[in-house]
>>> print(open('input.cif').read())   # mmCIF, C-alpha atoms
data_my_file
#
loop_
_atom_site.label_atom_id
_atom_site.label_comp_id
_atom_site.auth_asym_id
_atom_site.auth_seq_id
_atom_site.Cartn_x
_atom_site.Cartn_y
_atom_site.Cartn_z
CA MET A 366 4.89 6.74 26.72
CA LYS A 367 8.42 8.03 26.59
CA TRP A 368 8.24 9.35 23.04
CA PHE A 369 11.70 10.87 22.89
CA TRP A 370 13.23 7.77 24.41
CA TYR A 371 12.10 5.87 21.32
CA ALA A 372 13.44 8.57 18.95
CA SER A 373 16.84 6.90 19.15
CA PRO A 374 17.38 3.99 16.73
CA GLN A 375 19.00 1.82 19.41
CA THR A 376 16.12 2.10 21.88
CA PHE A 377 13.51 1.78 19.12
CA PHE A 378 15.08 -1.42 17.78
CA PRO A 379 13.46 -3.91 20.25
CA LEU A 380 10.08 -2.10 20.12
CA ALA A 381 10.14 -2.38 16.31
CA GLY A 382 10.67 -6.13 16.65
CA THR A 383 7.68 -6.51 18.99
CA LEU A 384 5.49 -4.36 16.72
CA ALA A 385 6.55 -6.39 13.67
CA ARG A 386 5.57 -9.69 15.31
CA TRP A 387 2.15 -8.56 16.55
CA CYS A 388 1.21 -6.61 13.44
CA GLY A 389 2.40 -9.45 11.21
CA ALA A 390 0.22 -11.95 13.09
CA ALA A 391 -2.76 -9.55 13.00
CA ALA A 392 -2.26 -9.06 9.25
CA GLY A 393 -2.44 -12.81 8.63
CA VAL A 394 -5.60 -13.28 10.69
CA LEU A 395 -7.33 -10.22 9.21
CA ALA A 396 -6.44 -11.24 5.65
CA LEU A 397 -7.99 -14.68 6.19
CA ILE A 398 -11.18 -13.14 7.60
CA GLY A 399 -11.27 -10.52 4.83
CA LEU A 400 -10.81 -13.10 2.08
CA TYR A 401 -13.49 -15.31 3.63
CA ILE A 402 -15.97 -12.41 3.67
CA GLY A 403 -14.90 -11.34 0.19
CA PHE A 404 -15.35 -14.72 -1.47
CA PHE A 405 -17.96 -16.55 0.62
CA VAL A 406 -20.11 -13.97 2.41
CA ALA A 407 -20.34 -10.98 0.05
CA PRO A 408 -22.97 -11.56 -2.65
CA THR A 409 -22.41 -11.52 -6.42
CA ASP A 410 -22.78 -8.00 -7.81
CA ALA A 411 -25.95 -7.40 -9.83
CA GLN A 412 -24.13 -5.52 -12.61
CA GLN A 413 -20.54 -6.76 -12.54
CA GLY A 414 -21.05 -10.39 -11.56
CA GLU A 415 -17.97 -11.88 -9.86
CA ALA A 416 -15.55 -9.40 -11.45
CA TYR A 417 -16.23 -6.89 -8.68
CA ARG A 418 -14.44 -9.16 -6.14
CA ILE A 419 -11.23 -7.41 -7.23
CA ILE A 420 -12.48 -4.55 -5.00
CA PHE A 421 -11.25 -6.36 -1.86
CA ILE A 422 -7.64 -5.81 -2.86
CA HIS A 423 -7.90 -2.89 -5.27
CA VAL A 424 -9.44 -0.32 -2.92
CA PRO A 425 -7.39 -1.22 0.20
CA ALA A 426 -4.18 -1.23 -1.91
CA ALA A 427 -5.05 2.17 -3.42
CA TRP A 428 -5.76 3.59 0.04
CA MET A 429 -2.46 2.22 1.36
CA SER A 430 -0.52 3.65 -1.59
CA MET A 431 -1.70 7.15 -0.62
CA PHE A 432 -1.53 6.74 3.18
CA LEU A 433 1.99 5.34 3.03
CA TYR A 434 3.17 8.20 0.85
CA VAL A 435 1.84 10.78 3.30
CA ILE A 436 3.43 8.93 6.25
CA MET A 437 6.72 8.60 4.35
CA ALA A 438 6.71 12.34 3.52
CA PHE A 439 5.84 13.14 7.16
CA TRP A 440 8.83 11.22 8.53
CA ALA A 441 11.06 12.60 5.79
CA ALA A 442 10.01 16.14 6.72
CA ILE A 443 10.61 15.53 10.44
CA GLY A 444 14.03 14.10 9.60
CA LEU A 445 14.87 17.10 7.44
CA ALA A 446 13.64 19.65 9.99
CA PHE A 447 15.07 18.17 13.20
CA ASN A 448 17.90 16.04 11.77
CA THR A 449 16.62 12.98 13.64
CA ARG A 450 18.15 9.79 12.29
CA LEU A 451 15.26 7.44 13.00
CA SER A 452 12.72 9.59 11.12
CA ALA A 453 14.73 9.41 7.91
CA MET A 454 15.16 5.66 8.40
CA MET A 455 11.38 5.31 8.76
CA ALA A 456 10.84 7.11 5.44
CA SER A 457 13.28 4.74 3.72
CA ALA A 458 11.64 1.73 5.38
CA ILE A 459 8.16 2.68 4.13
CA ALA A 460 9.02 3.53 0.50
CA PRO A 461 9.35 0.00 -0.99
CA THR A 462 6.03 -1.13 0.53
CA GLY A 463 4.35 2.05 -0.71
CA ALA A 464 5.64 1.35 -4.20
CA LEU A 465 4.38 -2.24 -3.91
CA PHE A 466 0.84 -1.19 -3.00
CA THR A 467 0.82 1.46 -5.74
CA PHE A 468 1.74 -1.18 -8.28
CA ILE A 469 -0.91 -3.57 -6.90
CA ALA A 470 -3.55 -0.81 -7.12
CA LEU A 471 -2.62 -0.14 -10.76
CA TRP A 472 -2.39 -3.81 -11.70
CA THR A 473 -5.70 -4.84 -10.13
CA GLY A 474 -7.35 -1.68 -11.46
CA SER A 475 -6.19 -2.57 -14.94
CA LEU A 476 -7.58 -6.11 -14.65
CA TRP A 477 -10.83 -4.69 -13.31
CA GLY A 478 -11.04 -2.07 -16.06
CA LYS A 479 -11.02 -4.59 -18.91
CA PRO A 480 -14.31 -6.39 -18.05
CA THR A 481 -16.10 -3.24 -16.79
CA TRP A 482 -14.82 -0.43 -19.06
CA GLY A 483 -13.56 -2.48 -21.99
CA THR A 484 -9.93 -1.37 -21.66
CA TYR A 485 -6.95 -2.31 -19.53
CA TRP A 486 -5.50 1.17 -19.50
CA PRO A 487 -7.36 4.42 -20.16
CA TRP A 488 -5.28 7.60 -19.60
CA ASP A 489 -7.83 8.73 -17.10
CA ALA A 490 -6.94 11.37 -14.43
CA ARG A 491 -7.16 8.90 -11.51
CA ILE A 492 -5.01 6.30 -13.23
CA THR A 493 -2.44 8.77 -14.53
CA THR A 494 -1.97 10.45 -11.15
CA GLU A 495 -1.64 7.04 -9.45
CA LEU A 496 1.04 6.16 -12.03
CA ILE A 497 2.84 9.40 -11.10
CA LEU A 498 2.70 8.23 -7.47
CA LEU A 499 4.47 5.02 -8.48
CA PHE A 500 7.17 7.09 -10.22
CA LEU A 501 7.55 9.26 -7.11
CA TYR A 502 8.16 6.17 -4.95
CA LEU A 503 10.59 4.73 -7.51
CA GLY A 504 12.30 8.11 -7.83
CA PHE A 505 12.71 8.31 -4.05
CA LEU A 506 14.22 4.80 -3.95
CA ALA A 507 16.50 5.42 -6.93
CA LEU A 508 17.70 8.76 -5.57
CA GLN A 509 18.54 7.29 -2.17
CA ALA A 510 20.28 4.33 -3.76
CA ALA A 511 22.38 6.64 -5.95
CA ILE A 512 23.92 8.60 -3.04
CA ASP A 513 26.55 6.82 -0.95
CA ASP A 514 26.48 8.99 2.16
CA PRO A 515 23.29 7.95 4.03
CA ARG A 516 22.73 11.38 5.62
CA ARG A 517 22.93 13.13 2.25
CA ALA A 518 20.73 10.45 0.69
CA ASP A 519 18.16 11.07 3.44
CA ARG A 520 18.08 14.80 2.78
CA ALA A 521 17.79 14.45 -1.00
CA GLY A 522 15.08 11.81 -0.66
CA ALA A 523 13.21 13.94 1.88
CA LEU A 524 13.04 16.87 -0.54
CA LEU A 525 11.63 14.65 -3.29
CA ALA A 526 9.13 13.05 -0.89
CA ILE A 527 7.91 16.43 0.42
CA VAL A 528 7.50 17.99 -3.04
CA GLY A 529 5.71 14.87 -4.29
CA VAL A 530 3.10 14.93 -1.53
CA VAL A 531 1.06 17.49 -3.52
CA ASN A 532 0.18 14.60 -5.83
CA VAL A 533 -1.80 12.78 -3.11
CA PRO A 534 -4.77 15.21 -2.90
CA ILE A 535 -4.70 15.40 -6.70
CA ILE A 536 -5.18 11.61 -6.86
CA TYR A 537 -7.96 11.77 -4.29
CA TYR A 538 -9.92 14.61 -5.93
CA SER A 539 -9.11 13.63 -9.53
CA VAL A 540 -12.49 11.92 -9.89
CA GLN A 541 -14.24 15.18 -8.97
CA TRP A 542 -11.99 17.64 -10.79
CA TRP A 543 -11.94 15.84 -14.13
CA ASN A 544 -14.38 13.78 -16.14
CA THR A 545 -12.96 10.38 -15.36
CA LEU A 546 -13.91 6.87 -16.35
CA HIS A 547 -12.98 5.95 -12.80
CA GLN A 548 -15.93 6.16 -10.44
CA GLY A 549 -16.12 8.55 -7.50
CA ALA A 550 -15.59 7.50 -3.89
CA SER A 551 -17.99 4.77 -2.70
CA VAL A 552 -16.95 5.30 0.90
CA SER A 553 -16.75 8.60 2.74
CA LEU A 554 -16.85 9.82 6.31
CA THR A 555 -19.96 11.92 5.78
CA ARG A 556 -22.42 9.40 4.35
CA ALA A 557 -23.27 5.70 4.37
CA PRO A 558 -21.25 3.57 1.92
CA SER A 559 -23.00 3.05 -1.42
CA MET A 560 -22.59 -0.73 -1.43
CA ALA A 561 -23.88 -3.83 0.36
CA MET A 562 -22.83 -4.01 4.01
CA THR A 563 -20.99 -7.34 3.59
CA MET A 564 -19.02 -5.95 0.62
CA PHE A 565 -18.10 -2.92 2.70
CA ALA A 566 -17.09 -5.12 5.65
CA GLY A 567 -14.83 -7.26 3.45
CA MET A 568 -13.13 -4.17 2.09
CA ILE A 569 -12.55 -2.65 5.54
CA VAL A 570 -11.14 -5.89 6.98
CA MET A 571 -8.77 -6.21 4.00
CA ALA A 572 -7.73 -2.58 4.45
CA LEU A 573 -6.91 -3.30 8.12
CA ALA A 574 -4.93 -6.38 7.05
CA PHE A 575 -2.91 -4.24 4.61
CA TRP A 576 -2.32 -1.65 7.36
CA MET A 577 -1.01 -4.29 9.75
CA TYR A 578 1.10 -5.84 7.00
CA SER A 579 2.60 -2.45 6.12
CA ILE A 580 3.50 -1.71 9.74
CA ALA A 581 5.05 -5.15 10.19
CA VAL A 582 7.12 -4.94 7.01
CA ALA A 583 8.23 -1.35 7.69
CA MET A 584 9.33 -2.34 11.20
CA VAL A 585 11.38 -5.30 9.96
CA ARG A 586 12.93 -3.07 7.30
CA VAL A 587 13.74 -0.26 9.72
CA ARG A 588 15.53 -2.82 11.92
CA CYS A 589 17.60 -3.87 8.89
CA ILE A 590 18.45 -0.23 8.15
CA ILE A 591 19.43 0.43 11.80
CA ARG A 592 21.79 -2.56 11.74
CA GLU A 593 23.18 -1.80 8.28
CA ARG A 594 24.02 1.78 9.26
CA GLY A 595 25.47 0.61 12.58
CA MET B 1462 -15.56 -26.00 -6.80
CA THR B 1463 -15.08 -25.58 -10.57
CA GLU B 1464 -17.77 -22.93 -10.46
CA PHE B 1465 -15.89 -21.09 -7.73
CA PHE B 1466 -12.67 -21.01 -9.73
CA ALA B 1467 -14.50 -19.98 -12.90
CA MET B 1468 -15.65 -16.75 -11.15
CA GLY B 1469 -18.61 -16.44 -13.53
CA GLY B 1470 -16.28 -16.14 -16.52
CA TYR B 1471 -14.05 -13.53 -14.88
CA ALA B 1472 -11.40 -15.99 -13.66
CA TRP B 1473 -8.47 -14.28 -15.47
CA TYR B 1474 -9.33 -10.87 -14.03
CA VAL B 1475 -10.09 -11.98 -10.47
CA TRP B 1476 -7.33 -14.58 -10.08
CA GLY B 1477 -4.91 -12.43 -12.07
CA SER B 1478 -5.43 -9.72 -9.45
CA TYR B 1479 -5.24 -11.95 -6.39
CA GLY B 1480 -2.41 -14.08 -7.80
CA VAL B 1481 -0.09 -11.19 -8.60
CA THR B 1482 -0.85 -9.49 -5.25
CA PHE B 1483 -0.06 -12.71 -3.37
CA LEU B 1484 3.10 -13.27 -5.43
CA LEU B 1485 4.45 -9.73 -4.91
CA ILE B 1486 3.75 -9.77 -1.17
CA SER B 1487 5.50 -13.16 -0.92
CA ILE B 1488 8.50 -11.77 -2.81
CA GLU B 1489 8.68 -8.77 -0.48
CA ILE B 1490 8.64 -11.07 2.57
CA VAL B 1491 11.37 -13.34 1.15
CA LEU B 1492 13.60 -10.38 0.16
CA LEU B 1493 13.15 -8.87 3.61
CA LYS B 1494 13.97 -12.19 5.34
CA ASN B 1495 17.21 -12.39 3.34
CA ARG B 1496 18.07 -8.77 4.15
CA SER B 1497 17.43 -9.42 7.86
CA LYS B 1498 19.80 -12.38 7.81
CA LYS B 1499 22.55 -10.37 6.12
CA ALA B 1500 22.22 -7.24 8.25
#
>>> encode(input="input.cif", output="structure tokens")
Amino acid sequence: MKWFWYASPQTFFPLAGTLARWCGAAAGVLALIGLYIGFFVAPTDAQQGEAYRIIFIHVPAAWMSMFLYVIMAFWAAIGLAFNTRLSAMMASAIAPTGALFTFIALWTGSLWGKPTWGTYWPWDARITTELILLFLYLGFLALQAAIDDPRRADRAGALLAIVGVVNVPIIYYSVQWWNTLHQGASVSLTRAPSMAMTMFAGMIVMALAFWMYSIAVAMVRVRCIIRERG
Amino acid sequence: MTEFFAMGGYAWYVWGSYGVTFLLISIEIVLLKNRSKKA
């Protein structure tokens, strides 16, 4: 791979188009498989009945909200450090989708909280820090939109993105650091998932679908930004 | 079929989650299509 060759917006443009097409198609197929497993293969939960089926979008969306923020901050930092145009464009291309998944995680979590906890919105550490993540994304977008010169907008946005990244580990560990209503992690790299295998499979396939969707959307958006900035 | 859509009494919560997710993703795709055309 000629990595530096693709660091230029003009040479990256066609590759982004190819990536968008393939990842978009993969996202559609994976989502169909994931939804099939989620609704027709995974059994009814013994405690939560059918309400638990929200998990197939809630957990993947929450994962994406954090992953995308870290990736956005990474590209923003590279752009700030090396003054590479494409890196800053990548950060801007990721932000709206990150905000979308953060909102979806909060919305589905709220609808899941009502039947299981008895409330739509507890000011619990996990939920509050995820809400802060949404404000960080919106702040990044608003800040960039408020500055006319794109290079200055990139630098200002990058600073906000980099400072805000400290919130991501706080979200992740919030369920251990504080007494939260939100449960701890059901899935970790060091032990077997604490749920039925089919439920786990449905969640992983949906997470892959969201990954592919995010890549596809970010690639289409970065192509728009490349053309808009000329 | 009715039973499937009833979701064991949790229809509002389950379909409210899936519906809004589907709607927002559709909106993002439409907005992006329009932006691509303009750019």
>>> interface_residues(input="input.cif", of="chain B", to="chain A", cutoff="7 Å", atoms="only C-alpha atoms", output="list in words")
Met1468, Gly1469, Tyr1471, Tyr1474, Val1475, Ser1478, Thr1482, Leu1493, Arg1496, Ser1497 and Ala1500 of chain B
>>> resolve_selection(input="input.cif", expression="the PyMOL selection byres ((chain A and resi 523) around 10)", output="ChimeraX atom specification")
/A:437-446,453,456-457,505,509,517-522,524-529
>>> residues_around(input="input.cif", residues="A:Ser579", least_positions_apart="4", cutoff="9 Å", atoms="only C-alpha atoms", output="list in words")
Cys388, Gly389, Ala392, Met429, Leu433, Ile459, Thr462, Gly463, Ala574, Phe575, Ala583 and Met584 of chain A
>>> atom_distance(input="input.cif", atom1="atom CA of A:Leu380", atom2="atom CA of B:Leu1484")
28.7 Å
>>> atom_distance(input="input.cif", atom1="atom CA of A:Trp387", atom2="atom CA of A:Trp576")
12.3 Å
>>> decode(input="input.cif", residues="stretch 384-475 of chain A", atoms="C-alpha atoms", output="JSON list (two decimals), in the first residue's frame")
[["chain", "number", "residue", "atom", "x", "y", "z"],
["A", 384, "LEU", "CA", -14.83, 1.96, -0.14],
["A", 385, "ALA", "CA", -18.23, 3.66, 0.18],
["A", 386, "ARG", "CA", -19.84, 1.30, -2.32],
["A", 387, "TRP", "CA", -18.46, -1.93, -0.83],
["A", 388, "CYS", "CA", -18.96, -0.94, 2.80],
["A", 389, "GLY", "CA", -22.47, 0.33, 2.04],
["A", 390, "ALA", "CA", -23.41, -3.00, 0.42],
["A", 391, "ALA", "CA", -21.83, -4.95, 3.31],
["A", 392, "ALA", "CA", -23.76, -2.81, 5.82],
["A", 393, "GLY", "CA", -27.07, -3.64, 4.15],
["A", 394, "VAL", "CA", -26.40, -7.39, 4.06],
["A", 395, "LEU", "CA", -25.08, -7.50, 7.63],
["A", 396, "ALA", "CA", -28.03, -5.47, 8.95],
["A", 397, "LEU", "CA", -30.49, -7.91, 7.37],
["A", 398, "ILE", "CA", -28.66, -10.91, 8.88],
["A", 399, "GLY", "CA", -28.37, -9.15, 12.25],
["A", 400, "LEU", "CA", -32.05, -8.24, 12.34],
["A", 401, "TYR", "CA", -33.01, -11.78, 11.35],
["A", 402, "ILE", "CA", -30.93, -13.23, 14.20],
["A", 403, "GLY", "CA", -32.19, -10.56, 16.59],
["A", 404, "PHE", "CA", -35.88, -11.09, 15.94],
["A", 405, "PHE", "CA", -36.21, -14.71, 14.78],
["A", 406, "VAL", "CA", -33.26, -16.69, 16.14],
["A", 407, "ALA", "CA", -32.42, -15.14, 19.53],
["A", 408, "PRO", "CA", -34.77, -16.44, 22.25],
["A", 409, "THR", "CA", -37.05, -14.34, 24.47],
["A", 410, "ASP", "CA", -35.21, -13.19, 27.60],
["A", 411, "ALA", "CA", -36.26, -14.95, 30.80],
["A", 412, "GLN", "CA", -36.39, -11.71, 32.83],
["A", 413, "GLN", "CA", -37.03, -8.93, 30.33],
["A", 414, "GLY", "CA", -39.27, -10.71, 27.84],
["A", 415, "GLU", "CA", -39.12, -9.12, 24.36],
["A", 416, "ALA", "CA", -38.01, -5.71, 25.66],
["A", 417, "TYR", "CA", -34.38, -6.84, 25.62],
["A", 418, "ARG", "CA", -34.40, -6.93, 21.78],
["A", 419, "ILE", "CA", -33.48, -3.23, 21.94],
["A", 420, "ILE", "CA", -29.96, -4.54, 22.73],
["A", 421, "PHE", "CA", -29.31, -5.26, 19.04],
["A", 422, "ILE", "CA", -29.22, -1.55, 18.26],
["A", 423, "HIS", "CA", -28.48, -0.03, 21.65],
["A", 424, "VAL", "CA", -25.14, -1.72, 22.34],
["A", 425, "PRO", "CA", -23.73, -1.47, 18.77],
["A", 426, "ALA", "CA", -24.79, 2.21, 18.59],
["A", 427, "ALA", "CA", -23.17, 2.95, 21.97],
["A", 428, "TRP", "CA", -19.96, 1.22, 20.87],
["A", 429, "MET", "CA", -19.94, 3.19, 17.61],
["A", 430, "SER", "CA", -20.52, 6.48, 19.43],
["A", 431, "MET", "CA", -17.29, 5.93, 21.38],
["A", 432, "PHE", "CA", -15.22, 4.36, 18.57],
["A", 433, "LEU", "CA", -16.12, 7.14, 16.15],
["A", 434, "TYR", "CA", -15.17, 9.81, 18.66],
["A", 435, "VAL", "CA", -11.73, 8.27, 19.18],
["A", 436, "ILE", "CA", -11.20, 7.93, 15.41],
["A", 437, "MET", "CA", -12.38, 11.52, 14.87],
["A", 438, "ALA", "CA", -10.00, 12.81, 17.58],
["A", 439, "PHE", "CA", -7.17, 10.71, 16.08],
["A", 440, "TRP", "CA", -7.57, 12.25, 12.61],
["A", 441, "ALA", "CA", -8.04, 15.69, 14.13],
["A", 442, "ALA", "CA", -4.79, 15.28, 16.07],
["A", 443, "ILE", "CA", -2.89, 14.08, 12.98],
["A", 444, "GLY", "CA", -4.25, 17.05, 11.05],
["A", 445, "LEU", "CA", -3.21, 19.44, 13.79],
["A", 446, "ALA", "CA", 0.27, 17.94, 14.18],
["A", 447, "PHE", "CA", 1.23, 17.46, 10.53],
["A", 448, "ASN", "CA", -1.09, 19.98, 8.87],
["A", 449, "THR", "CA", -2.40, 17.31, 6.50],
["A", 450, "ARG", "CA", -5.60, 18.42, 4.79],
["A", 451, "LEU", "CA", -7.21, 15.01, 4.37],
["A", 452, "SER", "CA", -6.91, 14.13, 8.09],
["A", 453, "ALA", "CA", -8.90, 17.19, 9.11],
["A", 454, "MET", "CA", -11.47, 16.42, 6.42],
["A", 455, "MET", "CA", -11.83, 12.89, 7.81],
["A", 456, "ALA", "CA", -12.54, 14.27, 11.29],
["A", 457, "SER", "CA", -15.26, 16.53, 9.87],
["A", 458, "ALA", "CA", -16.69, 13.64, 7.84],
["A", 459, "ILE", "CA", -17.01, 11.38, 10.90],
["A", 460, "ALA", "CA", -18.55, 13.87, 13.36],
["A", 461, "PRO", "CA", -22.20, 13.91, 12.13],
["A", 462, "THR", "CA", -22.39, 10.09, 12.10],
["A", 463, "GLY", "CA", -20.82, 9.95, 15.56],
["A", 464, "ALA", "CA", -23.45, 12.37, 16.82],
["A", 465, "LEU", "CA", -26.15, 10.25, 15.17],
["A", 466, "PHE", "CA", -25.05, 7.05, 16.90],
["A", 467, "THR", "CA", -24.70, 8.85, 20.24],
["A", 468, "PHE", "CA", -28.27, 10.07, 19.93],
["A", 469, "ILE", "CA", -29.47, 6.58, 18.94],
["A", 470, "ALA", "CA", -27.67, 5.06, 21.95],
["A", 471, "LEU", "CA", -29.35, 7.58, 24.28],
["A", 472, "TRP", "CA", -32.77, 7.26, 22.67],
["A", 473, "THR", "CA", -32.86, 3.45, 22.65],
["A", 474, "GLY", "CA", -31.37, 3.37, 26.15],
["A", 475, "SER", "CA", -34.14, 5.63, 27.35]]
